[in-house]
$ cat model-v5.txt   # compact mmCIF, C-alpha atoms and all ligand atoms
# COMPACT_ATOMS: atom_id res chain seq x y z
CA MET I 1 164.07 155.57 69.61
CA ASP I 2 166.33 153.55 67.35
CA ILE I 3 168.75 156.01 65.87
CA ARG I 4 170.60 153.31 63.91
CA PRO I 5 168.17 151.86 61.40
CA GLU I 6 169.78 149.03 59.42
CA ASP I 7 168.50 150.43 56.15
CA PRO I 8 167.68 154.13 56.49
CA THR I 9 166.81 154.34 52.79
CA GLU I 10 163.51 152.59 53.61
CA LEU I 11 162.41 155.42 55.89
CA PRO I 12 160.38 158.42 54.70
CA THR I 13 162.68 161.17 53.38
CA ARG I 14 161.75 163.56 56.16
CA ARG I 15 162.87 161.06 58.79
CA ARG I 16 166.06 160.32 56.88
CA VAL I 17 166.85 164.03 56.73
CA ARG I 18 166.18 164.40 60.45
CA LEU I 19 168.59 161.57 61.27
CA LEU I 20 171.29 163.40 59.33
CA SER I 21 170.81 166.68 61.24
CA ARG I 22 172.01 168.00 64.61
CA ASP I 23 170.25 170.85 66.42
CA ASP I 24 168.17 171.52 63.30
CA ARG I 25 171.33 171.97 61.25
CA LEU I 26 172.73 169.88 58.47
CA TYR I 27 175.38 167.62 60.02
CA HIS I 28 176.06 164.64 57.76
CA VAL I 29 175.93 165.64 54.07
CA ILE I 30 174.40 162.65 52.32
CA LEU I 31 171.30 163.56 50.30
CA ALA I 32 170.46 166.52 48.09
CA GLN I 33 167.00 166.55 49.74
CA GLN I 34 168.69 167.88 52.88
CA PHE I 35 169.18 171.27 51.25
CA ASP I 36 166.36 173.78 51.18
CA ARG I 37 166.40 176.97 49.17
CA GLU I 38 167.66 179.09 52.04
CA LEU I 39 170.57 176.77 52.74
CA ILE I 40 171.56 176.49 49.06
CA ASP I 41 171.57 180.28 48.69
CA HIS I 42 173.48 180.69 51.95
CA LEU I 43 176.18 178.21 50.89
CA CYS I 44 176.54 179.85 47.47
CA ARG I 45 177.18 183.13 49.26
CA ILE I 46 179.68 181.58 51.67
CA ALA I 47 181.48 179.97 48.71
CA GLU I 48 181.63 183.33 46.92
CA MET I 49 182.88 185.11 50.04
CA THR I 50 185.52 182.44 50.67
CA ARG I 51 186.80 182.85 47.13
CA ILE I 52 187.00 186.64 47.51
CA ILE I 53 188.70 186.47 50.92
CA ALA I 54 191.22 183.88 49.66
CA ASP I 55 192.33 186.21 46.90
CA ALA I 56 194.35 188.38 49.28
CA ARG I 57 197.31 186.94 51.14
CA ALA I 58 196.04 188.10 54.53
CA GLY I 59 192.63 186.66 53.74
CA ALA I 60 194.05 183.31 52.70
CA ARG I 61 196.05 183.23 55.92
CA PHE I 62 192.93 184.00 57.94
CA LEU I 63 190.95 181.20 56.23
CA ASN I 64 193.84 178.87 57.03
CA THR I 65 193.28 179.29 60.73
CA ILE I 66 189.57 178.47 60.75
CA LEU I 67 189.83 174.68 61.00
CA SER I 68 193.53 174.25 61.75
CA HIS I 69 192.59 172.23 64.86
CA LYS I 70 190.64 169.60 62.83
CA ARG I 71 191.53 166.62 60.65
CA ALA I 72 189.65 165.04 57.76
CA MET I 73 189.71 161.49 56.36
CA LEU I 74 189.13 161.12 52.64
CA TYR I 75 187.87 157.55 52.28
CA PHE I 76 187.53 157.11 48.51
CA THR I 77 187.14 153.49 47.47
CA GLN I 78 185.81 154.37 44.01
CA PRO I 79 187.92 156.16 41.37
CA SER I 80 187.96 159.94 41.55
CA THR I 81 190.08 162.84 40.34
CA ARG I 82 188.08 166.04 40.73
CA THR I 83 186.02 165.27 43.81
CA PHE I 84 189.02 163.92 45.71
CA LEU I 85 191.34 166.77 44.80
CA SER I 86 188.81 169.53 45.33
CA PHE I 87 187.92 168.19 48.77
CA ALA I 88 191.64 167.98 49.56
CA ALA I 89 192.11 171.56 48.34
CA ALA I 90 189.04 172.71 50.31
CA CYS I 91 190.53 171.23 53.48
CA GLN I 92 193.75 173.09 52.77
CA VAL I 93 191.91 176.36 52.21
CA LEU I 94 190.49 176.04 55.74
CA GLY I 95 193.77 174.89 57.24
CA MET I 96 192.45 171.40 57.97
CA ALA I 97 194.92 168.52 57.71
CA TYR I 98 193.72 165.45 55.84
CA ASN I 99 194.66 161.86 55.20
CA ASP I 100 193.29 159.39 52.70
CA VAL I 101 192.41 155.76 52.08
CA ARG I 102 191.85 155.14 48.37
CA ASP I 103 192.71 151.50 48.06
CA PRO I 104 190.99 149.19 50.55
CA THR I 105 193.55 146.45 49.79
CA THR I 106 196.05 148.46 51.85
CA SER I 107 193.75 148.50 54.89
CA SER I 108 192.75 145.81 57.37
CA GLU I 109 189.79 145.01 55.13
CA VAL I 110 192.07 142.38 53.57
CA LYS I 111 192.23 140.72 56.99
CA GLY I 112 188.47 140.44 56.91
CA GLU I 113 187.57 143.65 58.70
CA THR I 114 184.16 144.81 57.60
CA GLU I 115 183.71 148.18 55.93
CA ASP I 116 181.43 149.12 58.82
CA ASP I 117 184.24 148.53 61.30
CA THR I 118 186.77 150.31 59.09
CA VAL I 119 184.64 153.47 59.01
CA ARG I 120 184.13 153.37 62.77
CA VAL I 121 187.89 152.97 63.28
CA LEU I 122 188.52 155.99 61.07
CA SER I 123 186.05 158.01 63.11
CA GLN I 124 188.35 157.74 66.12
CA TYR I 125 191.30 159.44 64.43
CA PHE I 126 189.58 162.18 62.45
CA ASP I 127 187.01 164.94 62.86
CA CYS I 128 185.08 164.23 59.68
CA ILE I 129 184.95 161.57 56.99
CA ILE I 130 184.52 162.43 53.33
CA MET I 131 183.52 159.30 51.46
CA ARG I 132 183.09 158.02 47.92
CA HIS I 133 181.72 154.50 47.67
CA PRO I 134 180.45 152.31 44.82
CA ARG I 135 177.34 151.16 46.71
CA GLU I 136 174.17 153.21 46.94
CA GLY I 137 173.07 153.81 50.50
CA PHE I 138 176.41 152.93 52.12
CA ALA I 139 177.34 156.49 53.10
CA GLU I 140 173.91 157.04 54.64
CA ARG I 141 174.05 153.79 56.57
CA MET I 142 177.50 154.74 57.88
CA ALA I 143 176.32 158.22 58.88
CA ASN I 144 173.62 156.55 60.96
CA ARG I 145 176.16 154.14 62.43
CA LEU I 146 178.34 157.07 63.45
CA ASN I 147 175.31 158.61 65.19
CA GLY I 148 175.44 155.64 67.54
CA MET I 149 179.09 156.14 68.48
CA ARG I 150 180.03 157.99 71.68
CA ARG I 151 182.29 160.14 69.51
CA THR I 152 180.15 161.17 66.57
CA ILE I 153 181.69 162.95 63.60
CA PRO I 154 180.09 164.24 60.38
CA LEU I 155 180.22 162.25 57.17
CA LEU I 156 180.14 163.89 53.74
CA ASN I 157 179.08 161.94 50.68
CA GLY I 158 181.39 162.42 47.69
CA GLY I 159 179.37 160.08 45.46
CA SER I 160 177.30 157.03 46.40
CA GLY I 161 176.86 154.46 43.63
CA LYS I 162 174.26 155.47 41.05
CA ASP I 163 172.28 157.28 43.67
CA GLN I 164 173.57 160.68 44.74
CA HIS I 165 176.42 163.15 44.57
CA PRO I 166 175.15 166.09 46.62
CA THR I 167 178.35 168.13 46.81
CA GLN I 168 178.75 167.98 43.02
CA ALA I 169 175.15 169.18 42.72
CA MET I 170 175.91 172.06 45.09
CA LEU I 171 178.88 173.15 42.98
CA ASP I 172 176.70 172.84 39.88
CA VAL I 173 174.07 175.14 41.38
CA TYR I 174 176.82 177.54 42.44
CA THR I 175 178.15 177.54 38.87
CA LEU I 176 174.69 178.26 37.44
CA TYR I 177 174.16 180.88 40.12
CA ARG I 178 177.35 182.65 38.97
CA CYS I 179 176.24 182.40 35.31
CA PHE I 180 172.78 183.84 35.97
CA ALA I 181 173.73 186.51 38.53
CA GLU I 182 174.26 189.88 36.97
CA SER I 183 176.67 191.37 39.49
CA LEU I 184 178.86 190.63 42.46
CA ALA I 185 176.21 192.21 44.68
CA ASP I 186 173.79 189.64 43.31
CA ARG I 187 176.09 186.82 44.33
CA VAL I 188 176.72 187.88 47.92
CA ARG I 189 173.39 189.56 48.67
CA HIS I 190 171.90 188.69 52.05
CA ASP I 191 168.28 188.22 51.17
CA SER I 192 166.99 185.23 49.29
CA GLU I 193 164.25 187.24 47.64
CA ARG I 194 165.52 186.87 44.11
CA ASN I 195 165.11 183.56 42.38
CA LEU I 196 167.87 183.52 39.76
CA PHE I 197 166.45 180.36 38.21
CA GLU I 198 162.99 181.68 37.49
CA GLY I 199 162.17 181.42 33.80
CA LYS I 200 165.39 179.53 33.00
CA THR I 201 165.41 176.40 30.88
CA ILE I 202 168.01 173.85 31.89
CA ALA I 203 168.53 170.62 29.91
CA PHE I 204 170.10 167.45 31.30
CA VAL I 205 171.57 165.38 28.50
CA GLY I 206 172.95 161.84 28.27
CA ASP I 207 172.79 158.89 30.67
CA LEU I 208 170.19 160.26 33.05
CA LEU I 209 169.23 156.86 34.38
CA ARG I 210 172.55 156.16 36.05
CA GLY I 211 174.09 159.61 36.42
CA ARG I 212 174.06 160.43 40.15
CA THR I 213 175.00 164.07 39.57
CA VAL I 214 171.79 164.64 37.58
CA ARG I 215 169.63 163.04 40.27
CA SER I 216 171.12 165.22 43.01
CA LEU I 217 171.05 168.39 40.93
CA THR I 218 167.38 167.85 40.05
CA TYR I 219 166.50 167.72 43.75
CA LEU I 220 168.28 171.04 44.28
CA LEU I 221 166.79 172.82 41.28
CA ALA I 222 163.32 171.71 42.35
CA ARG I 223 163.72 174.23 45.21
CA TYR I 224 163.41 177.06 42.66
CA PRO I 225 159.85 177.48 41.41
CA GLY I 226 159.67 178.75 37.84
CA VAL I 227 162.65 176.76 36.57
CA ARG I 228 161.99 174.54 33.52
CA LEU I 229 163.85 171.24 33.31
CA LEU I 230 164.32 169.21 30.13
CA PHE I 231 165.54 165.61 30.31
CA VAL I 232 167.12 164.74 26.99
CA ALA I 233 168.11 161.07 26.67
CA PRO I 234 167.53 157.94 24.65
CA LYS I 235 164.56 155.94 25.95
CA GLU I 236 166.75 153.31 27.64
CA LEU I 237 168.63 155.96 29.62
CA GLN I 238 165.83 158.36 30.54
CA ILE I 239 165.52 159.77 34.04
CA SER I 240 163.84 157.41 36.49
CA GLU I 241 160.26 157.52 37.66
CA ASP I 242 161.05 158.53 41.26
CA ILE I 243 162.60 161.79 40.06
CA ILE I 244 159.68 162.54 37.75
CA GLU I 245 157.25 161.96 40.62
CA TYR I 246 159.30 164.25 42.82
CA LEU I 247 159.11 167.02 40.21
CA GLU I 248 155.38 166.53 39.83
CA ARG I 249 154.81 166.70 43.57
CA ASN I 250 156.79 169.92 43.67
CA GLU I 251 155.05 171.37 40.61
CA ILE I 252 158.27 171.90 38.68
CA VAL I 253 157.84 172.22 34.91
CA HIS I 254 159.65 169.34 33.24
CA GLU I 255 159.62 167.56 29.89
CA LEU I 256 161.20 164.37 28.62
CA LYS I 257 162.89 164.86 25.24
CA TYR I 258 164.59 162.51 22.85
CA ASP I 259 166.66 164.79 20.62
CA LEU I 260 169.19 167.45 21.63
CA PRO I 261 169.31 169.39 18.30
CA GLU I 262 165.56 169.94 18.59
CA VAL I 263 165.71 171.66 21.99
CA VAL I 264 169.21 173.08 22.37
CA GLY I 265 168.32 176.50 20.95
CA ASP I 266 165.79 176.91 23.73
CA CYS I 267 168.19 176.40 26.63
CA ASP I 268 169.82 178.77 29.10
CA ALA I 269 172.03 175.91 30.27
CA VAL I 270 172.85 172.40 29.10
CA TYR I 271 174.21 169.83 31.54
CA MET I 272 176.00 167.17 29.50
CA THR I 273 176.81 163.73 30.92
CA ARG I 274 178.68 160.66 29.72
CA LEU I 275 177.43 157.10 29.26
CA GLN I 276 177.82 155.39 32.66
CA ASP I 277 178.57 151.97 31.18
CA GLU I 278 180.52 150.80 34.23
CA HIS I 279 177.06 149.97 35.58
CA ASP I 280 176.27 147.65 32.65
CA LYS I 281 175.81 143.99 33.46
CA ASP I 282 176.94 142.81 30.06
CA GLY I 283 177.80 145.82 27.89
CA GLU I 284 174.10 146.24 27.05
CA THR I 285 174.26 150.04 26.63
CA LYS I 286 177.49 150.20 24.60
CA SER I 287 175.64 150.03 21.29
CA ILE I 288 173.17 152.86 22.04
CA ASP I 289 173.46 155.60 19.42
CA LEU I 290 174.26 158.80 21.31
CA SER I 291 174.72 161.06 18.28
CA ARG I 292 171.46 162.93 19.02
CA PHE I 293 172.61 163.46 22.62
CA SER I 294 175.98 165.05 21.91
CA LEU I 295 176.96 168.70 21.80
CA THR I 296 178.74 168.71 18.47
CA GLU I 297 180.35 171.53 16.52
CA GLU I 298 177.46 171.40 14.01
CA LEU I 299 175.03 172.51 16.72
CA GLU I 300 176.91 175.75 17.38
CA PRO I 301 174.72 178.02 15.17
CA LYS I 302 171.67 176.98 17.19
CA LEU I 303 173.13 177.87 20.61
CA ARG I 304 172.17 181.02 22.47
CA ARG I 305 174.92 183.52 22.99
CA ASP I 306 174.51 183.38 26.75
CA LEU I 307 174.20 179.61 27.00
CA ALA I 308 176.05 177.94 29.90
CA ILE I 309 177.60 174.58 29.01
CA LEU I 310 178.16 172.35 32.05
CA HIS I 311 179.57 168.84 32.43
CA PRO I 312 180.63 167.16 35.69
CA LEU I 313 183.43 165.42 33.72
CA PRO I 314 184.98 163.06 32.81
CA ARG I 315 183.66 163.28 29.27
CA ARG I 316 183.65 160.94 26.35
CA GLY I 317 182.54 162.02 22.89
CA GLU I 318 179.31 163.74 24.01
CA LEU I 319 180.94 167.13 24.45
CA ASP I 320 183.04 168.27 21.51
CA THR I 321 186.43 169.75 22.41
CA PHE I 322 185.46 172.44 19.88
CA TYR I 323 183.78 174.29 22.79
CA ASP I 324 186.72 174.14 25.17
CA GLU I 325 187.82 177.75 24.70
CA ASP I 326 184.36 179.15 24.12
CA PRO I 327 183.31 181.52 26.95
CA ARG I 328 180.09 179.52 27.20
CA ALA I 329 182.08 176.48 28.40
CA LYS I 330 181.61 176.48 32.17
CA TYR I 331 182.96 173.00 32.81
CA TRP I 332 186.42 174.29 33.73
CA ASP I 333 184.85 176.79 36.14
CA GLN I 334 182.83 174.00 37.74
CA MET I 335 186.01 172.44 39.09
CA ARG I 336 187.27 175.60 40.75
CA ASN I 337 183.79 176.43 42.01
CA GLY I 338 183.78 172.95 43.54
CA MET I 339 186.76 173.78 45.70
CA TRP I 340 185.06 176.92 47.11
CA MET I 341 181.71 175.21 47.53
CA ARG I 342 183.27 172.27 49.34
CA ALA I 343 185.15 174.68 51.62
CA ALA I 344 181.82 176.42 52.32
CA LEU I 345 180.14 173.08 53.08
CA ILE I 346 182.89 171.93 55.43
CA ALA I 347 182.81 175.31 57.19
CA TYR I 348 179.03 174.96 57.56
CA VAL I 349 179.22 171.44 58.96
CA PHE I 350 181.72 172.63 61.57
CA ASN I 351 179.52 175.63 62.31
CA VAL I 352 182.16 178.21 61.35
CA ASP I 353 180.43 179.59 58.25
CA SER I 354 179.51 182.64 60.34
CA VAL I 355 183.23 183.28 60.90
CA ILE I 356 183.66 183.61 57.12
CA LEU I 357 180.54 185.76 56.83
CA ASP I 358 181.66 188.13 59.61
CA HIS I 359 185.16 188.42 58.19
CA TYR I 360 183.75 189.21 54.77
CA HIS I 361 181.44 191.91 56.09
CA SER I 362 184.15 193.58 58.12
CA TYR I 363 186.54 193.81 55.16
CA TYR I 364 184.33 194.22 52.09
CA ASN I 365 181.54 196.61 51.21
CA TYR I 366 178.88 194.40 49.72
C1 LIG P 401 180.93 162.36 38.25
C2 LIG P 401 180.75 161.21 39.23
O1 LIG P 401 181.72 160.67 39.76
O2 LIG P 401 179.60 160.90 39.46
N1 LIG P 401 182.20 162.92 38.27
C3 LIG P 401 182.53 163.85 39.21
O3 LIG P 401 182.39 163.67 40.40
N2 LIG P 401 183.00 165.02 38.76
C4 LIG P 401 180.44 162.05 36.90
C5 LIG P 401 180.90 160.82 36.20
O4 LIG P 401 181.69 160.03 36.69
O5 LIG P 401 180.43 160.66 35.09
$ encode --input "model-v5.txt" --output "structure tokens"
Amino acid sequence: MDIRPEDPTELPTRRRVRLLSRDDRLYHVILAQQFDRELIDHLCRIAEMTRIIADARAGARFLNTILSHKRAMLYFTQPSTRTFLSFAAACQVLGMAYNDVRDPTTSSEVKGETEDDTVRVLSQYFDCIIMRHPREGFAERMANRLNGMRRTIPLLNGGSGKDQHPTQAMLDVYTLYRCFAESLADRVRHDSERNLFEGKTIAFVGDLLRGRTVRSLTYLLARYPGVRLLFVAPKELQISEDIIEYLERNEIVHELKYDLPEVVGDCDAVYMTRLQDEHDKDGETKSIDLSRFSLTEELEPKLRRDLAILHPLPRRGELDTFYDEDPRAKYWDQMRNGMWMRAALIAYVFNVDSVILDHYHSYYNY
């Protein structure tokens, strides 16, 4: 069997997911489709437990020992503030040392070394690679390359072109999970019986065509039957056909909308996004009028009192700073949640999530 397909993105999703697993467990973290409901719920609980344990000095010290024998490489050749720093902080939470390459002009790539070789070189010095790359499919191709190495290490995707950003989507679900859960017990409960997303209306707003966070988050939310998804964007930037087909296949209620003021009063959560004009060929989207796709101060009287306002950031004008100190603004929380979720994900990949779980249960009541 060829375990190193040149272009894994051409394979059926099920096969792609299998190539990214080890012993029926998630190994490389590349696609949101790798996460089923049980795994999402499990990781939200591990993230919550990690955050609670870290609150006490002894707990933080314990967490620090979990991966103190491992090293991570943060290979980020596309700009990043939050994802880079929260992965770095997550490594520190677990006691894992890390190093980074952010500017390929300081590496042997300037001597003509291919990116493929660079990644394989990195794999010899580190125990995992966390990668952000401007090209879709690159992280997945590299994960499959690493499968062919005698020393295989996991690769985590911190954003791949316009395609996917699975760890951002996981922190987004965790943030929503915290908003919709009624109690701490709800957040760390063992069973996955309760579907916190049932009956909730969540709107994605902005550049849905090129926003990778929205694509990944849609795949995750589709694991929760009973959720209702609204895609609110100008025609030119509407969500792509492959995502709509996916939702149809999974019988998830979804509607395409073209005006935020019309639907905002109906929402339990709004997920705002910026115009991704770095993907323009010739500034073709710069003139699109986004005024009907912005959360402005004037919309405030329409908003529900328990609305959750999310944004992966960075923002432009689509999210008014008027909301910054409003308790409904969850975009600051998203960043901190990202650190805990990424720590949970790294722990899972290294198969030490059970160490966190056991520690939690021996020290806390829930
Ligand atoms: C997002 C990204 O890089 O895709 N940012 C992030 O990771 N928090 C969103 C964006 O750049 O618009």
$ residues_near_point --input "model-v5.txt" --point "(185.2, 161.2, 56.6)" --cutoff "10 Å" --atoms "only C-alpha atoms" --output "list of chain:residue names"
I:His28, I:Arg71, I:Ala72, I:Met73, I:Leu74, I:Tyr75, I:Phe76, I:Tyr98, I:Asn99, I:Asp100, I:Val119, I:Leu122, I:Ser123, I:Phe126, I:Asp127, I:Cys128, I:Ile129, I:Ile130, I:Met131, I:Arg132, I:Ala139, I:Ala143, I:Ile153, I:Pro154, I:Leu155, I:Leu156, I:Asn157, I:Gly158
$ closest_atom_pairs --input "model-v5.txt" --of "chain I" --to "ligand LIG 401 (chain P)" --cutoff "6 Å" --atoms "all atoms listed in the file" --output "tab-separated table"
residue	atom	partner	partner_atom	distance
I:Arg82	CA	P:LIG401	N2	5.5
I:Thr83	CA	P:LIG401	O3	5.2
I:Arg212	CA	P:LIG401	O2	5.6
I:Thr213	CA	P:LIG401	O2	5.6
I:Arg274	CA	P:LIG401	O5	5.6
I:Pro312	CA	P:LIG401	N2	4.4
I:Leu313	CA	P:LIG401	N2	5.1
I:Pro314	CA	P:LIG401	O5	5.6
$ residues_around --input "model-v5.txt" --residues "Lys235 (chain I)" --least-positions-apart "3" --cutoff "10 Å" --atoms "all atoms listed in the file" --output "list in words"
Asp207, Leu209, Val232, Gln238, Ile239, Leu256, Lys257, Tyr258 and Ile288 of chain I
$ residues_around --input "model-v5.txt" --residues "region 64-68 of chain I" --least-positions-apart "6" --cutoff "12 Å" --atoms "all atoms listed in the file" --output "PyMOL selection string"
chain I and resi 50+53-54+57-58+89-98+127-128+343-344+346-356+359
$ residues_near_point --input "model-v5.txt" --point "(182.9, 177.2, 49.2)" --cutoff "8 Å" --atoms "all atoms listed in the file" --output "list of chain:residue names"
I:Leu43, I:Cys44, I:Ile46, I:Ala47, I:Glu48, I:Met49, I:Thr50, I:Arg51, I:Ala90, I:Asn337, I:Gly338, I:Met339, I:Trp340, I:Met341, I:Arg342, I:Ala343, I:Ala344, I:Leu345
$ closest_residue --input "model-v5.txt" --among "I:His69, I:His133, I:Arg228, I:Arg45" --to "Gly199 (chain I)" --atoms "all atoms listed in the file"
I:Arg228
$ atom_distance --input "model-v5.txt" --atom1 "CA of Arg102 (chain I)" --atom2 "CA of Gln78 (chain I)"
7.5 Å
$ atom_distance --input "model-v5.txt" --atom1 "CA of Arg14 (chain I)" --atom2 "CA of Leu247 (chain I)"
16.5 Å
$ closest_residue --input "model-v5.txt" --among "I:Met142, I:Leu319, I:Val214, I:Leu176" --to "Val121 (chain I)" --atoms "only C-alpha atoms"
I:Met142
$ closest_residue --input "model-v5.txt" --among "I:Arg210, I:His42, I:Arg22, I:Arg145" --to "Pro5 (chain I)" --atoms "all atoms listed in the file"
I:Arg145
$ closest_atom_pairs --input "model-v5.txt" --of "region 123-234 of chain I" --to "region 291-311 of chain I" --cutoff "9 Å" --atoms "only C-alpha atoms" --output "Markdown table"
| residue | atom | partner | partner_atom | distance |
| --- | --- | --- | --- | --- |
| I:Asp172 | CA | I:Leu310 | CA | 8.0 |
| I:Thr175 | CA | I:Leu310 | CA | 8.6 |
| I:Leu176 | CA | I:Ala308 | CA | 7.7 |
| I:Cys179 | CA | I:Ala308 | CA | 7.0 |
| I:Val205 | CA | I:Phe293 | CA | 6.3 |
| I:Gly206 | CA | I:Phe293 | CA | 5.9 |
| I:Val232 | CA | I:Phe293 | CA | 7.1 |
| I:Ala233 | CA | I:Phe293 | CA | 6.5 |
| I:Pro234 | CA | I:Phe293 | CA | 7.8 |
$ decode --input "model-v5.txt" --residues "region 250-299 of chain I" --atoms "C-alpha atoms" --output "short mmCIF file (atom, residue, chain, number, x, y, z; two decimals), in the first residue's frame"
data_model
loop_
_atom_site.label_atom_id
_atom_site.label_comp_id
_atom_site.auth_asym_id
_atom_site.auth_seq_id
_atom_site.Cartn_x
_atom_site.Cartn_y
_atom_site.Cartn_z
CA ASN I 250 -25.38 15.45 7.01
CA GLU I 251 -28.90 16.87 7.21
CA ILE I 252 -27.84 20.02 9.02
CA VAL I 253 -30.30 22.92 8.78
CA HIS I 254 -28.61 25.79 6.97
CA GLU I 255 -29.63 28.93 5.11
CA LEU I 256 -27.77 31.40 2.94
CA LYS I 257 -28.56 35.01 3.89
CA TYR I 258 -27.57 38.32 2.43
CA ASP I 259 -28.26 40.82 5.21
CA LEU I 260 -27.06 40.74 8.82
CA PRO I 261 -29.59 43.23 10.30
CA GLU I 262 -32.40 40.99 9.04
CA VAL I 263 -31.23 37.87 10.92
CA VAL I 264 -29.11 39.05 13.84
CA GLY I 265 -32.01 39.15 16.31
CA ASP I 266 -32.55 35.45 15.71
CA CYS I 267 -29.05 34.32 16.63
CA ASP I 268 -27.58 32.61 19.69
CA ALA I 269 -24.11 33.28 18.32
CA VAL I 270 -22.60 35.35 15.52
CA TYR I 271 -19.19 34.47 14.10
CA MET I 272 -17.82 37.60 12.44
CA THR I 273 -14.96 37.46 9.92
CA ARG I 274 -12.90 40.00 8.00
CA LEU I 275 -12.49 40.44 4.25
CA GLN I 276 -9.65 38.09 3.21
CA ASP I 277 -8.39 40.37 0.44
CA GLU I 278 -4.84 39.00 0.59
CA HIS I 279 -6.26 36.27 -1.66
CA ASP I 280 -7.38 38.78 -4.32
CA LYS I 281 -5.67 38.57 -7.68
CA ASP I 282 -6.15 42.22 -8.47
CA GLY I 283 -8.00 43.91 -5.60
CA GLU I 284 -11.32 42.68 -7.04
CA THR I 285 -13.09 42.39 -3.67
CA LYS I 286 -11.90 45.69 -2.18
CA SER I 287 -14.93 47.58 -3.48
CA ILE I 288 -17.56 45.17 -2.09
CA ASP I 289 -19.94 47.00 0.24
CA LEU I 290 -19.77 45.21 3.58
CA SER I 291 -22.03 47.56 5.54
CA ARG I 292 -24.82 44.94 5.71
CA PHE I 293 -22.30 42.39 7.01
CA SER I 294 -20.94 44.38 9.94
CA LEU I 295 -21.89 44.27 13.59
CA THR I 296 -22.38 47.97 14.16
CA GLU I 297 -23.48 49.89 17.23
CA GLU I 298 -26.86 50.57 15.54
CA LEU I 299 -27.66 46.85 15.60
#
